[in-house]
Each structure stands twice: as structure tokens, then as C-alpha cells.
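**Student:** You'll find final_21.tsv just under this line, and it carries TSV, C-alpha atoms.
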```
chain	number	residue	atom	x	y	z
A	1	MET	CA	-2.52	46.66	37.71
A	2	PRO	CA	-1.32	43.07	38.21
A	3	VAL	CA	-4.32	42.32	40.46
A	4	ARG	CA	-8.01	42.78	39.71
A	5	VAL	CA	-11.10	41.82	41.72
A	6	GLN	CA	-14.22	42.17	39.61
A	7	THR	CA	-17.74	40.86	39.04
A	8	GLN	CA	-17.45	40.65	35.26
A	9	ASP	CA	-16.01	37.73	33.30
A	10	PHE	CA	-12.51	37.82	31.78
A	11	ASP	CA	-11.04	36.87	28.39
A	12	SER	CA	-7.93	34.83	29.17
A	13	GLY	CA	-6.65	35.01	25.59
A	14	ALA	CA	-6.88	38.79	25.48
A	15	GLU	CA	-5.33	39.12	28.94
A	16	ILE	CA	-2.38	36.89	28.01
A	17	ALA	CA	-1.85	38.73	24.73
A	18	ALA	CA	-1.83	42.06	26.55
A	19	LEU	CA	0.57	40.83	29.21
A	20	ARG	CA	3.24	39.64	26.77
A	21	ARG	CA	2.75	42.21	24.03
A	22	ASP	CA	5.93	43.75	22.63
A	23	ASN	CA	8.19	41.80	24.98
A	24	PRO	CA	10.49	39.53	22.96
A	25	GLY	CA	12.25	38.42	26.13
A	26	ILE	CA	9.29	36.29	27.18
A	27	GLY	CA	9.75	32.62	26.33
A	28	ALA	CA	7.13	31.10	28.61
A	29	VAL	CA	3.56	31.83	29.65
A	30	ALA	CA	2.01	29.71	32.40
A	31	SER	CA	-1.65	30.21	33.27
A	32	PHE	CA	-4.32	28.75	35.51
A	33	ILE	CA	-8.08	29.20	35.31
A	34	GLY	CA	-10.32	28.15	38.19
A	35	VAL	CA	-13.87	27.27	37.15
A	36	CYS	CA	-17.14	26.85	39.05
A	37	ARG	CA	-18.10	23.13	39.20
A	38	ASP	CA	-21.64	21.75	39.32
A	39	ALA	CA	-20.98	19.40	42.23
A	40	SER	CA	-19.36	19.60	45.66
A	41	ASP	CA	-19.14	16.90	48.33
A	42	GLY	CA	-21.73	14.84	46.46
A	43	ASP	CA	-24.27	17.65	46.14
A	44	THR	CA	-25.41	19.47	43.03
A	45	ILE	CA	-24.36	23.12	42.93
A	46	THR	CA	-26.73	25.45	41.14
A	47	GLU	CA	-25.06	28.71	42.07
A	48	MET	CA	-22.10	30.10	43.94
A	49	THR	CA	-21.64	33.48	45.62
A	50	LEU	CA	-18.17	34.86	46.25
A	51	GLU	CA	-17.66	37.45	48.98
A	52	HIS	CA	-14.45	39.42	49.58
A	53	TYR	CA	-12.98	42.09	51.84
A	54	PRO	CA	-12.57	45.17	49.62
A	55	GLY	CA	-9.13	46.67	50.18
A	56	MET	CA	-7.60	43.78	52.11
A	57	THR	CA	-8.26	41.29	49.32
A	58	GLU	CA	-6.42	43.40	46.76
A	59	ARG	CA	-3.60	44.02	49.20
A	60	ALA	CA	-3.28	40.30	49.99
A	61	LEU	CA	-3.15	39.42	46.30
A	62	GLU	CA	-0.53	42.12	45.65
A	63	ASN	CA	1.58	40.72	48.49
A	64	ILE	CA	1.33	37.20	47.03
A	65	VAL	CA	2.36	38.47	43.59
A	66	ALA	CA	5.28	40.38	45.11
A	67	GLU	CA	6.38	37.25	46.97
A	68	ALA	CA	6.24	35.18	43.76
A	69	LYS	CA	8.33	37.77	41.90
A	70	ASN	CA	10.78	37.77	44.76
A	71	ARG	CA	11.15	33.98	44.72
A	72	TRP	CA	11.27	33.31	40.98
A	73	ASP	CA	12.80	34.96	37.94
A	74	VAL	CA	9.56	35.88	36.18
A	75	THR	CA	8.67	38.87	34.05
A	76	ASP	CA	5.03	39.70	34.69
A	77	VAL	CA	2.14	38.39	36.74
A	78	LEU	CA	-1.60	38.94	36.38
A	79	VAL	CA	-4.27	37.80	38.83
A	80	ILE	CA	-7.99	38.32	38.18
A	81	HIS	CA	-10.53	37.00	40.72
A	82	ARG	CA	-14.25	37.33	40.28
A	83	VAL	CA	-16.75	38.04	43.07
A	84	GLY	CA	-20.54	38.04	43.23
A	85	GLU	CA	-22.88	35.41	41.83
A	86	LEU	CA	-21.49	32.68	39.59
A	87	LYS	CA	-22.94	29.57	37.99
A	88	PRO	CA	-21.39	26.21	37.06
A	89	THR	CA	-19.01	26.54	34.06
A	90	ASP	CA	-18.33	30.22	34.93
A	91	GLN	CA	-14.70	31.23	35.29
A	92	ILE	CA	-13.67	32.24	38.82
A	93	VAL	CA	-9.97	33.06	38.80
A	94	LEU	CA	-7.16	33.65	36.31
A	95	VAL	CA	-3.44	33.59	37.08
A	96	VAL	CA	-0.92	34.32	34.33
A	97	VAL	CA	2.85	34.31	34.77
A	98	THR	CA	5.30	35.21	32.04
A	99	GLY	CA	9.04	34.66	32.06
A	100	SER	CA	12.09	33.66	30.09
A	101	HIS	CA	11.75	29.96	30.88
A	102	ARG	CA	8.94	27.60	31.82
A	103	GLY	CA	10.29	26.32	35.13
A	104	ALA	CA	9.94	29.58	37.00
A	105	ALA	CA	6.65	30.40	35.29
A	106	PHE	CA	5.06	27.05	36.23
A	107	ALA	CA	6.28	27.22	39.82
A	108	ALA	CA	5.24	30.83	40.38
A	109	CYS	CA	1.79	30.17	38.94
A	110	GLU	CA	1.20	27.20	41.24
A	111	PHE	CA	2.60	29.07	44.25
A	112	ILE	CA	0.26	32.01	43.63
A	113	MET	CA	-2.80	29.75	43.47
A	114	ASP	CA	-1.79	27.84	46.61
A	115	TYR	CA	-1.24	31.06	48.56
A	116	LEU	CA	-4.37	32.69	47.14
A	117	LYS	CA	-6.49	29.78	48.37
A	118	THR	CA	-5.21	30.06	51.93
A	119	ARG	CA	-4.34	33.76	52.35
A	120	ALA	CA	-6.56	35.95	50.20
A	121	PRO	CA	-9.85	36.91	51.89
A	122	PHE	CA	-12.50	35.36	49.65
A	123	TRP	CA	-15.39	33.21	50.85
A	124	LYS	CA	-17.59	30.92	48.77
A	125	LYS	CA	-21.23	30.19	49.45
A	126	GLU	CA	-22.78	27.34	47.48
A	127	THR	CA	-26.43	26.98	46.62
A	128	THR	CA	-27.63	23.36	46.47
A	129	PRO	CA	-31.15	21.91	46.10
A	130	GLN	CA	-31.09	21.56	49.93
A	131	GLY	CA	-30.26	25.24	50.46
A	132	ALA	CA	-27.22	27.52	50.69
A	133	ARG	CA	-24.08	26.76	52.69
A	134	TRP	CA	-20.69	28.37	53.26
A	135	VAL	CA	-17.78	26.34	51.92
A	136	GLU	CA	-15.47	25.03	54.65
A	137	ALA	CA	-11.73	25.59	54.32
A	138	ARG	CA	-9.88	22.42	53.34
A	139	VAL	CA	-6.86	20.98	55.15
A	140	SER	CA	-5.50	19.90	51.75
A	141	ASP	CA	-5.31	23.56	50.73
A	142	ASP	CA	-3.26	24.38	53.84
A	143	GLU	CA	-0.96	21.46	53.04
A	144	ALA	CA	-0.55	22.64	49.45
A	145	ALA	CA	0.47	26.10	50.66
A	146	GLN	CA	2.82	24.76	53.34
A	147	ARG	CA	5.06	23.00	50.83
A	148	TRP	CA	6.21	26.44	49.63
A	149	GLU	CA	7.45	27.47	53.06
A	150	PRO	CA	11.21	28.05	52.87
A	151	PRO	CA	13.46	25.55	54.69
A	152	LYS	CA	14.29	26.85	58.18
A	153	SER	CA	18.03	26.94	57.47
A	154	SER	CA	17.71	29.26	54.47
A	155	ALA	CA	15.12	31.61	55.95
A	156	ALA	CA	16.11	35.21	55.45
B	1	MET	CA	-12.00	54.82	71.98
B	2	THR	CA	-13.83	53.88	68.81
B	3	VAL	CA	-12.81	51.08	66.47
B	4	LYS	CA	-14.43	49.94	63.25
B	5	VAL	CA	-15.36	46.24	63.40
B	6	LEU	CA	-16.20	44.26	60.26
B	7	TYR	CA	-17.68	40.78	59.85
B	8	PHE	CA	-17.56	38.60	56.76
B	9	ALA	CA	-19.21	35.46	55.35
B	10	ASN	CA	-20.98	33.25	57.91
B	11	LEU	CA	-19.93	35.53	60.78
B	12	ARG	CA	-21.65	38.44	59.07
B	13	GLU	CA	-24.82	36.39	58.72
B	14	GLN	CA	-24.70	35.13	62.30
B	15	VAL	CA	-24.30	38.54	63.95
B	16	GLY	CA	-26.63	40.19	61.44
B	17	THR	CA	-24.38	43.09	60.41
B	18	SER	CA	-21.42	43.65	58.10
B	19	GLY	CA	-19.85	46.23	60.37
B	20	GLU	CA	-20.21	48.70	63.22
B	21	ASP	CA	-18.35	51.29	65.26
B	22	VAL	CA	-17.55	49.91	68.71
B	23	ASP	CA	-16.62	51.90	71.81
B	24	VAL	CA	-14.06	49.98	73.84
B	25	SER	CA	-11.01	50.65	76.00
B	26	PRO	CA	-7.62	50.15	74.31
B	27	THR	CA	-7.19	46.40	74.11
B	28	THR	CA	-5.97	43.46	72.03
B	29	VAL	CA	-7.68	41.31	69.42
B	30	ALA	CA	-8.48	38.76	72.14
B	31	GLY	CA	-9.82	41.52	74.39
B	32	LEU	CA	-12.07	42.91	71.68
B	33	ARG	CA	-13.35	39.42	70.90
B	34	SER	CA	-14.21	38.87	74.58
B	35	PHE	CA	-15.86	42.30	74.74
B	36	LEU	CA	-18.10	41.44	71.79
B	37	MET	CA	-18.84	37.93	73.07
B	38	ALA	CA	-20.04	39.43	76.36
B	39	ARG	CA	-23.04	40.76	74.45
B	40	GLY	CA	-24.27	37.16	74.52
B	41	GLY	CA	-26.62	35.52	72.05
B	42	ALA	CA	-25.45	35.40	68.44
B	43	TRP	CA	-22.28	37.32	69.35
B	44	GLN	CA	-21.23	34.76	71.89
B	45	SER	CA	-21.79	31.80	69.57
B	46	ALA	CA	-20.39	33.44	66.44
B	47	LEU	CA	-17.14	34.45	68.15
B	48	ALA	CA	-16.90	31.47	70.53
B	49	GLN	CA	-13.47	30.11	71.39
B	50	GLY	CA	-12.68	26.93	69.53
B	51	ARG	CA	-14.27	28.14	66.31
B	52	ALA	CA	-11.92	28.52	63.37
B	53	LEU	CA	-11.73	32.30	63.19
B	54	ARG	CA	-9.35	34.70	61.51
B	55	VAL	CA	-8.79	38.32	62.50
B	56	ALA	CA	-7.25	41.20	60.57
B	57	VAL	CA	-6.25	44.57	62.05
B	58	ASN	CA	-6.03	47.40	59.51
B	59	GLN	CA	-6.26	44.79	56.74
B	60	GLU	CA	-3.26	42.76	57.91
B	61	MET	CA	-3.64	39.30	59.45
B	62	ALA	CA	-3.44	39.56	63.23
B	63	GLN	CA	-2.94	37.38	66.29
B	64	ALA	CA	-4.84	37.24	69.59
B	65	THR	CA	-2.16	39.45	71.14
B	66	THR	CA	-2.19	42.12	68.40
B	67	PRO	CA	-2.98	45.55	69.96
B	68	VAL	CA	-6.20	47.33	68.97
B	69	LYS	CA	-5.84	51.12	68.99
B	70	PRO	CA	-8.19	54.06	68.43
B	71	GLY	CA	-9.44	54.23	64.85
B	72	ASP	CA	-8.28	50.72	63.94
B	73	GLU	CA	-10.27	48.57	61.54
B	74	VAL	CA	-10.69	45.06	62.94
B	75	ALA	CA	-12.24	42.30	60.82
B	76	PHE	CA	-13.47	38.90	61.96
B	77	PHE	CA	-13.96	36.15	59.38
B	78	PRO	CA	-13.76	32.38	58.83
B	79	PRO	CA	-10.81	30.67	57.09
B	80	VAL	CA	-10.75	31.76	53.45
B	81	THR	CA	-12.13	29.66	50.59
B	82	GLY	CA	-11.43	31.54	47.35
B	83	GLY	CA	-9.78	30.38	44.15
```
Turn this file's structure into C-alpha cells for me.

**Tutor:**
Amino acid sequence: MPVRVQTQDFDSGAEIAALRRDNPGIGAVASFIGVCRDASDGDTITEMTLEHYPGMTERALENIVAEAKNRWDVTDVLVIHRVGELKPTDQIVLVVVTGSHRGAAFAACEFIMDYLKTRAPFWKKETTPQGARWVEARVSDDEAAQRWEPPKSSAA
Amino acid sequence: MTVKVLYFANLREQVGTSGEDVDVSPTTVAGLRSFLMARGGAWQSALAQGRALRVAVNQEMAQATTPVKPGDEVAFFPPVTGG
């Protein structure tokens, strides 16, 4: 399964080793790990809760992975996203892309994160000393995703 | 007809439920939203026009004009914030 939504932590080294095992055609591995910070908008974060939409979330991630594989010449993709209660320094998300060359692997990895942040149904709730609050979506995330939109003239 | 309606994140907290079966005439996403808002109170404010709100029908992102048919699963939620 290239997509996993889970409460438990992940071992990025083991996941990467498993993804590229026995494939001598792989010359590049690009990965991204998102981590829970201890501060947001000037406030201390003591805990974070991640909610998702079981079924749709997995489907959305699978669609994003399929789109990345369609756009770039990559070999394999793995996405792991945690849900439930997390604390600062905890890992949240892992994206790994393998391929023959680094260019496609880097681009696909960044594309997947940008689309995940704007299209996959996850919601973060932060706990601060002042209480809990839902994280607001950021315009900068929309802008990051929009730069991957294909030019109008070459749209299929 | 009956449709399954789900709520996530702050919408779930505001309306006080994660989901329910709703009896409504065949309609659209906008029609279902209006139907639920007509309950007043938390429903009206949680689903109010002008709020950033996303809707999925059968786990695919939908528009205001997307039809809602018997047995559909319709989810209301705020813009996503994962990653």
C-alpha cells in the first residue's frame, strides 16, 4: 500500500529501505518528514490532535500519488500520515519518492506535500496554554499548490 | 429519501454530532445545506453562507450544484489543514 493513515509512529529509515529494496534501477530517493512544532502564531503548543475522514482521506492520498506518478518518471511513492494525539517533536507525515534521477523525485515529493496540504481531508487542532483551537487553512498553502497547476495551453 | 450526513473538525463540534441520517427530498449540495440551516441555532451558524466550507459527496469533493441522491454520503468540513 503506497498510502497509510495511522496513529502509530513510523521509522523513516526502515520505510525507505523497504521501498527501494532489490531495485537496482533506483538512483534517487527524495523524502520529506513533517514534524509537530512547539509554537504556532506566537503561542506555545503543548499538544496537537489530527482528525481525518476515514475512507476519503485514503482515497484523496491515493489520487495525489497517482497524479504524481502520472506527471513524473518516478518508480515508487510512499505516504504515511499520522492521526490522533501528537506532541511537539513527534513526526506527523512521511513522503518518500524513488526514481532513476533526482529531479523527478524532488519535484514529485514537493508536489505531493503541496497537494496533501490543500486536498487531503485532515484537520489539526492545537492545544495552547489558553485552550484548544482548530488550525485555520493558510493562503500560502493554496498558493504553493497552485504553482503545480498545468499551463492552460497544455491541459489534457 | 435518506442521505448520510457527516461533519468534521470544528463543524462537528459546533453541531454536536459526527453524523446522522437525514430525510430530505432529492436535492443538491446547496439545497441540503439550506435544509440543515433551516433547523436554526448551531446548524444555521455552523453552515452559514460566507463561511469557508467544503463539501464532499460520496467521498469526492463537490460543488454547490452537485446532486444529492438517495443513499449518498455527504460530508461538510472546513478547509483542510493536514501535513

**Student:** Rounded to one decimal place, report the atom CA of A:Gly103-atom CA of A:Ala14 distance in Å.

**Tutor:**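 We find that atom CA of A:Gly103 and atom CA of A:Ala14 lie 23.3 Å from each other.
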
**Student:** Taking into account all atoms listed in the file, which residue in the set A:Asp142, A:Asp73, A:Glu149, A:Glu51 is nearest to chain B?

**Tutor:**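 Closest to chain B, using all atoms listed in the file: A:Glu51.
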
**Student:** At what distance in Å, to one decimal, does atom CA of B:Phe76 lie from atom CA of B:Ser18?

**Tutor:**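 If I compute the distance from atom CA of B:Ser18 to atom CA of B:Phe76, I get 10.0 Å.
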
**Student:** So which one's closest to A:Val93, B:Pro70, B:Phe8, B:Leu36, B:Gly83? Using all atoms listed in the file, please.

**Tutor:**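 Nearest to A:Val93: B:Gly83.
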
**Student:** Just checking: using only C-alpha atoms, which residue out of B:Ala9, B:Met1, B:Val80, B:Leu32 ends up closest to A:Lys125?

**Tutor:**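 Closest residue, counting only C-alpha atoms: B:Ala9.
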
**Student:** Please identify all residues of chain A having at least one atom at most 10 Å from any atom of chain B, considering all atoms listed in the file, and return them as an mmCIF file with C-alpha atoms, in the frame of the given file.

**Tutor:**
```cif
data_model
loop_
_atom_site.group_PDB
_atom_site.id
_atom_site.type_symbol
_atom_site.label_atom_id
_atom_site.label_comp_id
_atom_site.auth_asym_id
_atom_site.auth_seq_id
_atom_site.Cartn_x
_atom_site.Cartn_y
_atom_site.Cartn_z
ATOM 1 C CA ILE A 33 -8.080 29.200 35.310
ATOM 2 C CA GLY A 34 -10.320 28.150 38.190
ATOM 3 C CA VAL A 35 -13.870 27.270 37.150
ATOM 4 C CA CYS A 36 -17.140 26.850 39.050
ATOM 5 C CA LEU A 50 -18.170 34.860 46.250
ATOM 6 C CA GLU A 51 -17.660 37.450 48.980
ATOM 7 C CA HIS A 52 -14.450 39.420 49.580
ATOM 8 C CA TYR A 53 -12.980 42.090 51.840
ATOM 9 C CA PRO A 54 -12.570 45.170 49.620
ATOM 10 C CA GLY A 55 -9.130 46.670 50.180
ATOM 11 C CA MET A 56 -7.600 43.780 52.110
ATOM 12 C CA THR A 57 -8.260 41.290 49.320
ATOM 13 C CA ARG A 59 -3.600 44.020 49.200
ATOM 14 C CA ALA A 60 -3.280 40.300 49.990
ATOM 15 C CA HIS A 81 -10.530 37.000 40.720
ATOM 16 C CA ARG A 82 -14.250 37.330 40.280
ATOM 17 C CA VAL A 83 -16.750 38.040 43.070
ATOM 18 C CA ILE A 92 -13.670 32.240 38.820
ATOM 19 C CA VAL A 93 -9.970 33.060 38.800
ATOM 20 C CA LEU A 94 -7.160 33.650 36.310
ATOM 21 C CA MET A 113 -2.800 29.750 43.470
ATOM 22 C CA ASP A 114 -1.790 27.840 46.610
ATOM 23 C CA TYR A 115 -1.240 31.060 48.560
ATOM 24 C CA LEU A 116 -4.370 32.690 47.140
ATOM 25 C CA LYS A 117 -6.490 29.780 48.370
ATOM 26 C CA THR A 118 -5.210 30.060 51.930
ATOM 27 C CA ARG A 119 -4.340 33.760 52.350
ATOM 28 C CA ALA A 120 -6.560 35.950 50.200
ATOM 29 C CA PRO A 121 -9.850 36.910 51.890
ATOM 30 C CA PHE A 122 -12.500 35.360 49.650
ATOM 31 C CA TRP A 123 -15.390 33.210 50.850
ATOM 32 C CA LYS A 124 -17.590 30.920 48.770
ATOM 33 C CA LYS A 125 -21.230 30.190 49.450
ATOM 34 C CA ARG A 133 -24.080 26.760 52.690
ATOM 35 C CA TRP A 134 -20.690 28.370 53.260
ATOM 36 C CA VAL A 135 -17.780 26.340 51.920
ATOM 37 C CA GLU A 136 -15.470 25.030 54.650
ATOM 38 C CA ALA A 137 -11.730 25.590 54.320
ATOM 39 C CA ARG A 138 -9.880 22.420 53.340
ATOM 40 C CA ASP A 141 -5.310 23.560 50.730
#
```

**Student:** For a test of reading the model, state the distance in Å between atom CA of B:Thr65 and atom CA of B:Ser45, rounded to one decimal.

**Tutor:**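 Answer for the atom CA of B:Thr65 to atom CA of B:Ser45 separation: 21.1 Å.
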
**Student:** Using all atoms listed in the file for the distances, tell me which of A:Pro24, A:Ala17, A:Ile64, A:Arg4 is nearest to A:Ala108.

**Tutor:**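 Closest residue, counting all atoms listed in the file: A:Ile64.
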
**Student:** Any chance you could work out the axis-aligned box around stretch 27-36 of chain B, listed atoms only, 3 Å on each side, giving centre and edge lengths in Å to one decimal, as JSON?

**Tutor:**
```
{"center_x": -12.0, "center_y": 42.6, "center_z": 72.1, "size_x": 18.1, "size_y": 13.6, "size_z": 11.3}
```
